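One file, query.txt, carrying compact mmCIF, C-alpha atoms:
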```
# COMPACT_ATOMS: atom_id res chain seq x y z
CA MET A 437 114.25 101.01 87.07
CA LYS A 438 112.90 98.59 84.51
CA VAL A 439 109.62 99.92 83.15
CA THR A 440 107.25 96.99 82.70
CA LYS A 441 103.57 97.05 81.75
CA LEU A 442 102.75 96.82 85.44
CA THR A 443 105.03 99.76 86.24
CA GLN A 444 103.40 101.76 83.44
CA ALA A 445 100.02 101.04 84.94
CA VAL A 446 101.00 102.17 88.42
CA LEU A 447 102.87 105.31 87.39
CA GLY A 448 100.37 106.28 84.74
CA ILE A 449 103.02 106.24 82.01
CA GLY A 450 101.12 106.42 78.74
CA ALA A 451 98.01 107.13 80.84
CA ILE A 452 96.94 103.47 80.58
CA VAL A 453 96.15 101.18 83.50
CA SER A 454 95.85 97.62 82.25
CA ALA A 455 93.71 94.84 83.63
CA PRO A 456 96.55 92.87 85.33
CA ALA A 457 97.35 95.92 87.47
CA LEU A 458 93.80 96.49 88.59
CA ALA A 459 90.79 94.28 88.05
CA ALA A 460 89.86 90.96 86.47
CA ASP A 461 87.53 92.84 84.14
CA PRO A 462 89.59 94.84 81.64
CA ALA A 463 89.53 98.54 82.56
CA THR A 464 91.34 101.34 80.83
CA ILE A 465 91.80 104.45 82.94
CA ASP A 466 93.18 107.74 81.73
CA TRP A 467 94.43 109.07 85.08
CA LYS A 468 95.13 112.42 83.46
CA GLY A 469 91.39 112.74 83.12
CA VAL A 470 90.71 112.00 86.80
CA PRO A 471 90.89 115.07 89.08
CA THR A 472 93.54 115.07 91.81
CA ARG A 473 92.78 116.20 95.35
CA THR A 474 95.89 116.98 97.40
CA LEU A 475 95.46 116.40 101.13
CA THR A 476 97.83 117.57 103.84
CA LEU A 477 98.26 114.76 106.35
CA LEU A 478 99.51 115.80 109.79
CA TYR A 479 101.50 114.13 112.54
CA PRO A 480 99.05 113.68 115.46
CA ALA A 481 101.48 112.85 118.31
CA GLN A 482 99.48 111.57 121.31
CA SER A 483 96.27 113.49 120.64
CA THR A 484 93.79 110.79 121.62
CA PHE A 485 90.00 110.62 121.91
CA GLN A 486 90.32 111.45 125.60
CA TRP A 487 92.77 114.34 125.07
CA LEU A 488 90.47 116.00 122.54
CA ARG A 489 87.75 116.11 125.20
CA GLY A 490 89.99 117.15 128.08
CA SER A 491 90.89 120.51 129.62
CA SER A 492 94.22 120.67 127.76
CA HIS A 493 92.47 120.96 124.39
CA PRO A 494 91.08 124.45 123.65
CA GLY A 495 88.45 122.98 121.33
CA ALA A 496 87.19 120.39 123.79
CA GLN A 497 83.70 121.89 124.00
CA VAL A 498 83.29 121.77 120.21
CA VAL A 499 84.47 118.16 120.11
CA ASP A 500 82.45 117.05 123.11
CA THR A 501 79.24 118.30 121.53
CA GLY A 502 79.93 116.41 118.30
CA GLY A 503 81.46 119.29 116.37
CA ALA A 504 83.92 118.79 113.53
CA CYS A 505 87.67 119.14 113.92
CA LEU A 506 87.61 121.34 110.82
CA THR A 507 85.39 123.85 112.65
CA CYS A 508 88.60 125.19 114.17
CA HIS A 509 91.35 123.60 112.06
CA ASN A 510 90.32 123.97 108.42
CA GLY A 511 93.51 124.66 106.46
CA GLN A 512 95.69 124.40 109.57
CA GLU A 513 97.14 120.93 108.95
CA ALA A 514 100.66 122.21 108.22
CA LYS A 515 100.68 124.46 111.28
CA LEU A 516 99.36 121.68 113.54
CA GLY A 517 101.76 119.09 112.16
CA ALA A 518 104.79 121.34 112.68
CA LYS A 519 103.71 121.94 116.26
CA LEU A 520 102.77 118.39 117.19
CA VAL A 521 105.94 116.76 115.81
CA GLY A 522 108.13 118.67 118.25
CA ALA A 523 108.76 118.03 121.94
CA SER A 524 105.69 118.80 124.08
CA PRO A 525 103.39 117.08 126.57
CA LEU A 526 101.70 115.50 123.52
CA GLU A 527 105.03 114.28 122.11
CA PRO A 528 107.25 112.95 124.91
CA THR A 529 109.57 111.10 122.50
CA PRO A 530 110.19 113.42 119.53
CA ILE A 531 112.18 112.12 116.57
CA ALA A 532 114.92 114.46 115.36
CA GLY A 533 114.23 115.70 111.83
CA LYS A 534 110.78 114.13 111.65
CA ASN A 535 108.43 115.80 109.17
CA GLY A 536 105.20 117.26 110.52
CA THR A 537 103.17 116.72 107.35
CA VAL A 538 102.88 114.59 104.22
CA ARG A 539 101.10 115.78 101.09
CA LEU A 540 99.00 112.98 99.63
CA ASN A 541 97.61 113.17 96.08
CA VAL A 542 94.34 111.25 95.78
CA GLN A 543 92.46 110.26 92.61
CA VAL A 544 89.28 108.15 92.60
CA ALA A 545 87.46 106.53 89.68
CA TYR A 546 84.91 103.73 89.35
CA ASP A 547 83.03 101.56 86.91
CA SER A 548 80.10 99.20 87.30
CA ASP A 549 81.86 96.85 89.69
CA THR A 550 85.10 98.38 90.97
CA ALA A 551 86.39 101.52 92.69
CA TYR A 552 89.90 102.60 91.71
CA PHE A 553 92.21 104.72 93.84
CA ARG A 554 95.54 106.26 92.85
CA PHE A 555 97.79 107.76 95.53
CA GLN A 556 101.12 109.55 95.38
CA TRP A 557 103.29 110.88 98.20
CA GLN A 558 106.92 111.77 98.71
CA THR A 559 108.80 109.82 101.36
CA GLN A 560 110.91 111.36 104.09
CA ALA A 561 113.56 108.68 103.63
CA LYS A 562 115.72 108.61 100.51
CA HIS A 563 114.78 105.00 99.83
CA PRO A 564 111.56 102.98 99.76
CA GLY A 565 110.55 101.57 103.14
CA GLU A 566 110.28 97.99 101.94
CA ALA A 567 112.07 96.32 104.86
CA TYR A 568 110.43 94.93 108.00
CA PRO A 569 111.86 93.93 111.41
CA THR A 570 113.77 90.69 111.11
CA LEU A 571 114.61 87.42 112.80
CA ARG A 572 118.29 87.47 113.81
CA PHE A 573 120.37 84.41 114.68
CA ASP A 574 122.43 85.11 117.81
CA GLY A 575 124.45 81.90 117.54
CA LYS A 576 121.86 79.86 119.43
CA GLU A 577 118.38 81.20 118.78
CA TRP A 578 116.39 83.26 116.30
CA LYS A 579 115.16 86.48 117.93
CA ASN A 580 113.31 89.58 116.75
CA TYR A 581 115.67 92.32 115.60
CA GLY A 582 114.88 95.87 114.47
CA ASN A 583 111.88 98.03 115.28
CA GLN A 584 110.10 101.27 114.52
CA ARG A 585 111.71 104.61 115.39
CA LEU A 586 109.44 105.30 118.38
CA ALA A 587 110.45 102.04 120.09
CA GLY A 588 112.60 102.40 123.19
CA ALA A 589 115.26 99.99 121.93
CA VAL A 590 115.69 102.05 118.76
CA ARG A 591 115.79 105.38 120.58
CA LYS A 592 118.48 103.96 122.89
CA GLY A 593 120.53 102.71 119.94
CA GLU A 594 120.14 99.06 120.92
CA GLN A 595 118.39 98.09 117.66
CA PRO A 596 118.27 99.60 114.17
CA PRO A 597 115.17 101.45 112.88
CA ILE A 598 113.45 99.09 110.45
CA TYR A 599 109.81 99.26 109.38
CA GLU A 600 107.72 99.13 106.22
CA ASP A 601 105.95 102.07 104.58
CA ARG A 602 102.15 101.81 104.61
CA LEU A 603 99.07 103.51 103.23
CA SER A 604 95.73 103.14 105.03
CA MET A 605 92.11 103.94 104.26
CA MET A 606 89.46 104.09 106.98
CA ILE A 607 85.91 104.11 105.60
CA ASP A 608 82.49 104.81 107.11
CA ASP A 609 79.05 104.83 105.48
CA GLY A 610 77.39 106.80 108.27
CA GLY A 611 77.12 103.88 110.67
CA VAL A 612 79.65 105.26 113.19
CA PRO A 613 78.45 108.37 115.04
CA GLY A 614 81.02 111.15 115.00
CA PHE A 615 83.40 109.76 112.39
CA ALA A 616 82.34 112.24 109.71
CA ASN A 617 83.35 115.07 112.05
CA GLN A 618 86.26 113.67 114.05
CA GLY A 619 87.66 110.90 111.91
CA CYS A 620 90.27 108.52 113.23
CA TRP A 621 90.47 110.32 116.59
CA LEU A 622 87.44 108.20 117.51
CA THR A 623 89.71 105.14 117.33
CA CYS A 624 92.83 106.27 119.24
CA HIS A 625 92.68 106.15 123.02
CA ASN A 626 94.65 106.49 126.21
CA GLY A 627 95.95 103.07 127.22
CA SER A 628 96.79 102.03 123.65
CA ARG A 629 100.27 101.27 122.32
CA ASP A 630 102.49 104.36 122.43
CA ALA A 631 99.63 106.41 123.91
CA PRO A 632 99.37 108.08 127.34
CA LYS A 633 98.88 105.68 130.24
CA GLN A 634 99.72 102.67 128.06
CA ALA A 635 98.21 99.54 129.57
CA THR A 636 100.62 96.86 130.75
CA THR A 637 100.44 93.30 129.45
CA ALA A 638 99.27 92.14 132.87
CA GLU A 639 96.47 94.73 132.92
CA VAL A 640 95.32 93.73 129.45
CA LYS A 641 95.30 90.02 130.28
CA ALA A 642 93.26 90.73 133.41
CA ASN A 643 90.63 92.71 131.47
CA PRO A 644 87.50 90.64 130.74
CA LEU A 645 86.94 91.87 127.18
CA LEU A 646 90.56 91.74 126.02
CA ALA A 647 91.12 88.41 127.74
CA ALA A 648 88.11 87.02 125.85
CA LEU A 649 89.64 88.40 122.65
CA LYS A 650 93.01 86.83 123.59
CA ARG A 651 94.86 90.13 123.19
CA ALA A 652 98.07 91.26 124.89
CA ASP A 653 97.79 95.01 124.24
CA VAL A 654 95.28 97.76 123.46
CA ARG A 655 94.83 98.94 119.87
CA LYS A 656 92.25 100.96 117.95
CA TYR A 657 88.63 100.70 119.11
CA LEU A 658 85.38 102.65 118.91
CA PRO A 659 83.66 104.38 121.85
CA SER A 660 80.47 102.39 121.17
CA THR A 661 82.22 99.27 122.48
CA ARG A 662 82.90 100.76 125.93
CA THR A 663 80.42 101.34 128.73
CA ASP A 664 81.52 104.74 130.08
CA ALA A 665 81.27 108.21 128.54
CA ALA A 666 85.08 108.52 128.50
CA ALA A 667 85.34 105.35 126.37
CA SER A 668 88.03 103.95 128.70
CA TRP A 669 89.99 101.02 127.29
CA ASP A 670 89.23 98.81 130.30
CA GLN A 671 85.45 99.37 130.34
CA GLY A 672 84.47 97.01 127.56
CA LYS A 673 80.98 95.85 126.73
CA SER A 674 80.16 92.17 126.44
CA LEU A 675 80.90 90.26 123.25
CA GLU A 676 77.15 89.90 122.70
CA GLU A 677 76.61 93.68 122.89
CA ILE A 678 79.53 94.31 120.54
CA ALA A 679 78.17 91.78 118.04
CA LYS A 680 74.92 93.78 117.90
CA VAL A 681 76.87 96.98 117.17
CA LYS A 682 78.68 95.22 114.33
CA ALA A 683 75.49 93.73 112.91
CA ALA A 684 74.01 97.25 112.80
CA GLY A 685 77.00 98.48 110.76
CA GLY A 686 78.64 100.38 113.60
CA PHE A 687 82.21 99.60 112.56
CA LEU A 688 84.84 101.19 110.33
CA ASP A 689 86.59 99.56 107.40
CA LEU A 690 90.37 99.75 107.82
CA ILE A 691 92.33 98.51 104.82
CA GLN A 692 96.11 98.80 104.49
CA TRP A 693 98.65 98.55 101.70
CA ARG A 694 102.00 97.44 103.12
CA ALA A 695 105.27 97.86 101.26
CA HIS A 696 106.74 94.66 102.75
CA ARG A 697 103.83 92.41 103.78
CA SER A 698 101.47 92.87 100.82
CA ASN A 699 102.99 94.84 97.92
CA PRO A 700 105.35 92.05 96.75
CA VAL A 701 102.28 89.95 95.86
CA GLY A 702 100.10 92.82 94.57
CA MET A 703 97.62 92.97 97.45
CA ALA A 704 96.50 94.91 100.52
CA ASP A 705 95.03 93.53 103.72
CA ASP A 706 91.43 94.04 104.82
CA GLY A 707 90.27 94.80 108.34
CA TYR A 708 87.87 96.78 110.49
CA VAL A 709 87.78 98.73 113.76
CA LEU A 710 85.20 97.97 116.42
CA GLU A 711 86.19 96.67 119.86
CA TYR A 712 89.76 96.25 118.58
CA ARG A 713 91.66 96.64 115.33
CA ASN A 714 90.56 93.41 113.68
CA PHE A 715 91.32 91.64 110.42
CA ASP A 716 88.44 90.46 108.26
CA ALA A 717 87.35 86.83 108.29
CA GLY A 718 89.73 84.52 106.46
CA SER A 719 93.46 85.19 106.24
CA ASN A 720 95.89 87.85 105.03
CA PRO A 721 98.65 87.48 102.41
CA PHE A 722 101.29 87.44 105.18
CA ALA A 723 102.05 85.04 108.02
CA SER A 724 104.69 84.62 110.71
CA ASN A 725 107.96 83.12 109.54
CA LEU A 726 108.75 81.81 113.03
CA ASP A 727 107.44 78.38 113.96
CA GLY A 728 106.30 78.70 117.57
CA LYS A 729 106.77 74.99 118.24
CA THR A 730 110.32 74.62 116.96
CA GLY A 731 111.58 78.17 117.49
CA GLN A 732 112.98 77.98 113.96
CA PRO A 733 112.05 80.00 110.85
CA ARG A 734 109.75 78.42 108.30
CA TYR A 735 111.55 79.84 105.26
CA MET A 736 114.98 81.07 104.29
CA TYR A 737 116.11 82.95 101.19
CA ASP A 738 116.72 80.92 98.04
CA ALA A 739 120.50 81.17 97.57
CA ALA A 740 120.13 80.29 93.89
CA LYS A 741 118.06 83.45 93.34
CA VAL A 742 119.15 85.83 96.13
CA GLY A 743 122.81 84.80 96.24
CA LYS A 744 122.65 83.82 99.91
CA ASN A 745 120.26 82.11 102.30
CA ALA A 746 120.29 84.96 104.85
CA LEU A 747 120.81 88.72 104.74
CA ALA A 748 123.13 91.08 106.57
CA LEU A 749 122.02 94.43 107.96
CA ASP A 750 123.59 96.28 105.03
CA ASP A 751 121.43 94.30 102.60
CA LEU A 752 118.12 95.65 103.90
CA ARG A 753 118.12 98.78 101.71
CA LYS A 754 119.61 97.12 98.65
CA ILE A 755 117.35 94.20 97.77
CA GLN A 756 113.78 93.04 98.30
CA THR A 757 113.66 91.58 101.79
CA ALA A 758 110.11 90.20 101.65
CA MET A 759 110.17 86.39 101.53
CA VAL A 760 107.86 84.97 98.85
CA PRO A 761 107.81 81.16 98.65
CA ASP A 762 108.53 79.79 95.17
CA GLN A 763 109.98 83.17 94.16
CA ASN A 764 112.87 84.03 96.46
CA ALA A 765 112.29 81.76 99.48
CA VAL A 766 112.57 78.04 100.17
CA PRO A 767 111.79 75.90 103.24
CA PHE A 768 114.19 76.52 106.12
CA ASP A 769 117.13 74.14 106.52
CA PRO A 770 118.40 74.07 110.16
CA ASN A 771 121.68 72.58 108.93
CA ALA A 772 122.54 75.32 106.43
CA GLY A 773 125.47 76.62 108.46
CA TRP A 774 123.84 79.55 110.21
CA LYS A 775 126.11 82.11 111.82
CA GLU A 776 125.58 84.91 114.32
CA GLY A 777 124.06 87.99 112.69
CA ASP A 778 122.19 86.16 109.92
CA LEU A 779 118.84 87.85 109.20
CA LEU A 780 115.58 86.44 107.87
CA SER A 781 112.24 88.18 107.53
CA GLN A 782 109.72 87.95 110.39
CA TYR A 783 106.97 87.24 107.85
CA TYR A 784 106.57 85.43 104.58
CA VAL A 785 104.16 86.66 101.91
CA SER A 786 102.00 84.74 99.45
CA ARG A 787 98.82 85.32 97.48
CA ALA A 788 97.91 81.73 98.26
CA LEU A 789 97.64 82.63 101.95
CA ALA A 790 94.90 85.22 101.38
CA LYS A 791 91.39 83.84 101.75
CA GLY A 792 87.86 84.96 102.52
CA SER A 793 86.84 88.54 103.19
CA ALA A 794 90.43 89.34 104.19
CA ALA A 795 91.44 88.77 100.55
CA ASP A 796 89.13 91.35 98.95
CA ASN A 797 91.96 93.71 97.97
CA LYS A 798 93.52 91.49 95.32
CA GLN A 799 94.78 94.15 92.92
CA VAL A 800 96.99 96.74 94.61
CA SER A 801 100.31 97.84 93.16
CA GLY A 802 102.94 100.21 94.54
CA VAL A 803 106.08 101.57 92.84
CA TRP A 804 108.68 103.86 94.47
CA LYS A 805 110.53 106.10 92.03
CA ASP A 806 112.58 109.28 92.59
CA GLY A 807 111.46 109.59 96.21
CA THR A 808 107.75 109.09 95.54
CA TRP A 809 105.40 106.17 96.10
CA THR A 810 102.64 105.66 93.53
CA VAL A 811 100.00 103.18 94.67
CA VAL A 812 97.05 102.12 92.51
CA TRP A 813 94.30 100.21 94.30
CA ALA A 814 91.17 98.41 93.13
CA ARG A 815 88.34 97.80 95.61
CA PRO A 816 85.26 95.81 94.52
CA LEU A 817 81.91 97.58 94.79
CA ASN A 818 78.87 96.08 96.50
CA LEU A 819 80.72 93.75 98.85
CA SER A 820 78.29 91.76 101.00
CA ASN A 821 80.65 90.58 103.73
CA PRO A 822 79.51 91.45 107.28
CA ASP A 823 82.94 92.99 108.03
CA ASP A 824 83.06 95.35 105.01
CA LYS A 825 81.56 98.73 104.18
CA ALA A 826 80.07 98.17 100.74
CA LEU A 827 80.99 100.97 98.34
CA GLN A 828 78.02 101.66 96.07
CA ASP A 829 77.11 103.94 93.20
CA GLY A 830 75.04 106.94 94.33
CA LYS A 831 76.43 107.09 97.87
CA VAL A 832 78.84 109.27 99.86
CA TYR A 833 81.35 107.89 102.35
CA SER A 834 83.61 109.44 104.97
CA PHE A 835 87.27 108.49 104.52
CA GLY A 836 90.32 108.91 106.68
CA PHE A 837 93.71 108.48 105.00
CA ALA A 838 97.02 107.72 106.71
CA VAL A 839 100.63 107.22 105.65
CA HIS A 840 103.31 105.42 107.68
CA ASP A 841 106.72 106.54 106.52
CA ASP A 842 110.38 106.62 107.56
CA ASN A 843 110.45 103.43 109.71
CA MET A 844 107.39 104.32 111.79
CA THR A 845 104.28 102.49 112.93
CA SER A 846 101.45 102.84 115.51
CA ARG A 847 100.90 106.55 116.26
CA GLY A 848 103.98 107.61 114.26
CA HIS A 849 101.90 108.05 111.13
CA HIS A 850 100.47 111.08 109.32
CA ILE A 851 96.68 111.34 109.13
CA SER A 852 94.00 113.33 107.33
CA PHE A 853 90.96 115.02 108.73
CA PRO A 854 87.77 113.28 107.49
CA VAL A 855 87.14 113.61 103.75
CA THR A 856 83.97 112.66 101.90
CA VAL A 857 84.19 110.57 98.73
CA GLY A 858 81.15 110.33 96.47
CA PHE A 859 80.35 107.75 93.81
CA GLY A 860 77.89 109.32 91.38
CA THR A 861 77.13 112.15 93.81
CA LYS A 862 78.77 115.33 95.08
CA ALA A 863 81.43 115.13 97.79
CA ASP A 864 84.86 116.55 98.71
CA ILE A 865 86.27 114.03 96.26
CA GLN A 866 83.86 113.03 93.52
CA ALA A 867 84.84 109.76 91.86
CA THR A 868 85.09 109.87 88.08
CA ARG A 869 82.70 107.47 86.37
CA LEU A 870 84.49 105.44 83.71
CA LYS A 871 82.82 104.86 80.36
```
Will you turn the file into structure tokens for me?
Amino acid sequence: MKVTKLTQAVLGIGAIVSAPALAADPATIDWKGVPTRTLTLLYPAQSTFQWLRGSSHPGAQVVDTGGACLTCHNGQEAKLGAKLVGASPLEPTPIAGKNGTVRLNVQVAYDSDTAYFRFQWQTQAKHPGEAYPTLRFDGKEWKNYGNQRLAGAVRKGEQPPIYEDRLSMMIDDGGVPGFANQGCWLTCHNGSRDAPKQATTAEVKANPLLAALKRADVRKYLPSTRTDAAASWDQGKSLEEIAKVKAAGGFLDLIQWRAHRSNPVGMADDGYVLEYRNFDAGSNPFASNLDGKTGQPRYMYDAAKVGKNALALDDLRKIQTAMVPDQNAVPFDPNAGWKEGDLLSQYYVSRALAKGSAADNKQVSGVWKDGTWTVVWARPLNLSNPDDKALQDGKVYSFGFAVHDDNMTSRGHHISFPVTVGFGTKADIQATRLK
């Protein structure tokens, strides 16, 4: 691997993180001087908000009265992960050889205007998960090809397992009741994708709230946006009621670094969880490569730089598959002699696409080396957007961390119990103030 200044910054080689890797303001961080907290992230299977409060969960009474998961499970992440990853009523589609836990090293520092995060974790796969499901030419049309390992088509051997590695942070400032104790389990519910009693497309389209949101499935949401005590997916409040919850700060930040859809341009996306898993106002650094009107891709690979204008399946672990216009991608030519089996990315990626609040995470860099991802992330302090939790000096926040690894998405991730992070004050992880 060529060691550039950017690579040095991400890996901590020479203990210097330079301004191009992190923030516009020059910042020099000695990561060796920033304490490391190692978290054990566990595989949760289908343990949803509703399951935690049901008769099948021995700790239901603790949870139902607002108690913390760690009341019963402090230090038990490895034991729980090993149990939940195997076949059981909570895991109806186990993946052979899947790891039950991931150990995530976390370092946090900050200065007057920026919070800095450094993460390291070892991947289950022997290669970086930089590929994403593709568009495949079948001789007539371009169709989606490849999927995550939990997908039925992959489990049946009809499509290959292809998905990007991801790192997520969920952040609360105290505005979401219960998150400090129960973390991301507040957001995962029966009826969601890959969850028990998954809602059908027809059911979702017939639901007043989700129809108003123009959604075709159920994803993360908070109980405060539903009308019943069970927080059922189909019992949504009105858009006006939900807007009041948001205005009062009753949402969670959810920001994600993606190995395919953001890392090639040094960014992460920015979103939040409320009535759904939403993206912030503006636009992300990635967009669909399929033109819905023509049914044709928007971009193809630049043969002058990639050596070909389309990839084959064997290429996906050998070269960067992300399509970045003006770097390795050019406008699609329908007369370029396409043949059956040609692959193009489902998305294209560009810093120019990212705008508004969705573009807050402008300095995020990930490097995979010797089986380990190292991701360094800069997050501005004191954001004033109505869809962000503003990190501020002197305050403590509840964080939930998650890693998607080994061609997995949706519930196939590994998650932490809630962890407090303090800036200028005591917490589970106390950020180091930079001089």
Interatomic distance, CA of Gly593 in chain A to CA of Arg697 in chain A (Å, one decimal): 25.4 Å
All residues 8 Å or closer to Leu747 in chain A, only C-alpha atoms, same chain fewer than 6 positions away omitted, as a PyMOL selection string: chain A and resi 778-780
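Nearest to Pro471 in chain A of all the residues A:Thr559, A:Asn541, A:Asn818, A:Asn699 is A:Asn541, counting only C-alpha atoms.
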Close residues, range 835-849 of chain A itself excluded, 7 Å, all atoms listed in the file, min 2 positions apart in chain, as an MDAnalysis selection string: chainID A and resid 479 481 559:561 565 584:586 597:608 619:620 630 833 851:857
Take the residues from that selection and write them out as a PDB file, in the frame of the given file, keeping C-alpha atoms.
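Below you can see out-v3.pdb, which holds the result:
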```pdb
ATOM      1  CA  TYR A 479     101.500 114.130 112.540  1.00  0.00           C
ATOM      2  CA  ALA A 481     101.480 112.850 118.310  1.00  0.00           C
ATOM      3  CA  THR A 559     108.800 109.820 101.360  1.00  0.00           C
ATOM      4  CA  GLN A 560     110.910 111.360 104.090  1.00  0.00           C
ATOM      5  CA  ALA A 561     113.560 108.680 103.630  1.00  0.00           C
ATOM      6  CA  GLY A 565     110.550 101.570 103.140  1.00  0.00           C
ATOM      7  CA  GLN A 584     110.100 101.270 114.520  1.00  0.00           C
ATOM      8  CA  ARG A 585     111.710 104.610 115.390  1.00  0.00           C
ATOM      9  CA  LEU A 586     109.440 105.300 118.380  1.00  0.00           C
ATOM     10  CA  PRO A 597     115.170 101.450 112.880  1.00  0.00           C
ATOM     11  CA  ILE A 598     113.450  99.090 110.450  1.00  0.00           C
ATOM     12  CA  TYR A 599     109.810  99.260 109.380  1.00  0.00           C
ATOM     13  CA  GLU A 600     107.720  99.130 106.220  1.00  0.00           C
ATOM     14  CA  ASP A 601     105.950 102.070 104.580  1.00  0.00           C
ATOM     15  CA  ARG A 602     102.150 101.810 104.610  1.00  0.00           C
ATOM     16  CA  LEU A 603      99.070 103.510 103.230  1.00  0.00           C
ATOM     17  CA  SER A 604      95.730 103.140 105.030  1.00  0.00           C
ATOM     18  CA  MET A 605      92.110 103.940 104.260  1.00  0.00           C
ATOM     19  CA  MET A 606      89.460 104.090 106.980  1.00  0.00           C
ATOM     20  CA  ILE A 607      85.910 104.110 105.600  1.00  0.00           C
ATOM     21  CA  ASP A 608      82.490 104.810 107.110  1.00  0.00           C
ATOM     22  CA  GLY A 619      87.660 110.900 111.910  1.00  0.00           C
ATOM     23  CA  CYS A 620      90.270 108.520 113.230  1.00  0.00           C
ATOM     24  CA  ASP A 630     102.490 104.360 122.430  1.00  0.00           C
ATOM     25  CA  TYR A 833      81.350 107.890 102.350  1.00  0.00           C
ATOM     26  CA  ILE A 851      96.680 111.340 109.130  1.00  0.00           C
ATOM     27  CA  SER A 852      94.000 113.330 107.330  1.00  0.00           C
ATOM     28  CA  PHE A 853      90.960 115.020 108.730  1.00  0.00           C
ATOM     29  CA  PRO A 854      87.770 113.280 107.490  1.00  0.00           C
ATOM     30  CA  VAL A 855      87.140 113.610 103.750  1.00  0.00           C
ATOM     31  CA  THR A 856      83.970 112.660 101.900  1.00  0.00           C
ATOM     32  CA  VAL A 857      84.190 110.570  98.730  1.00  0.00           C
TER      33      VAL A 857
END
```
Nearest residue to Trp467 in chain A from the set A:His509, A:Lys633, A:Lys592, A:Arg554 (distances using all atoms listed in the file):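 Smallest separation from Trp467 in chain A among the options: A:Arg554.
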Radius query 7 Å about (108.9, 89.1, 109.2), atoms used: all atoms listed in the file, as JSON, numbers by chain: {"A": [568, 569, 570, 571, 724, 725, 781, 782, 783, 784]}
Distance criterion (only C-alpha atoms): nearest to Gly503 in chain A out of A:Lys641, A:Lys862, A:Lys744, A:Arg489: A:Arg489
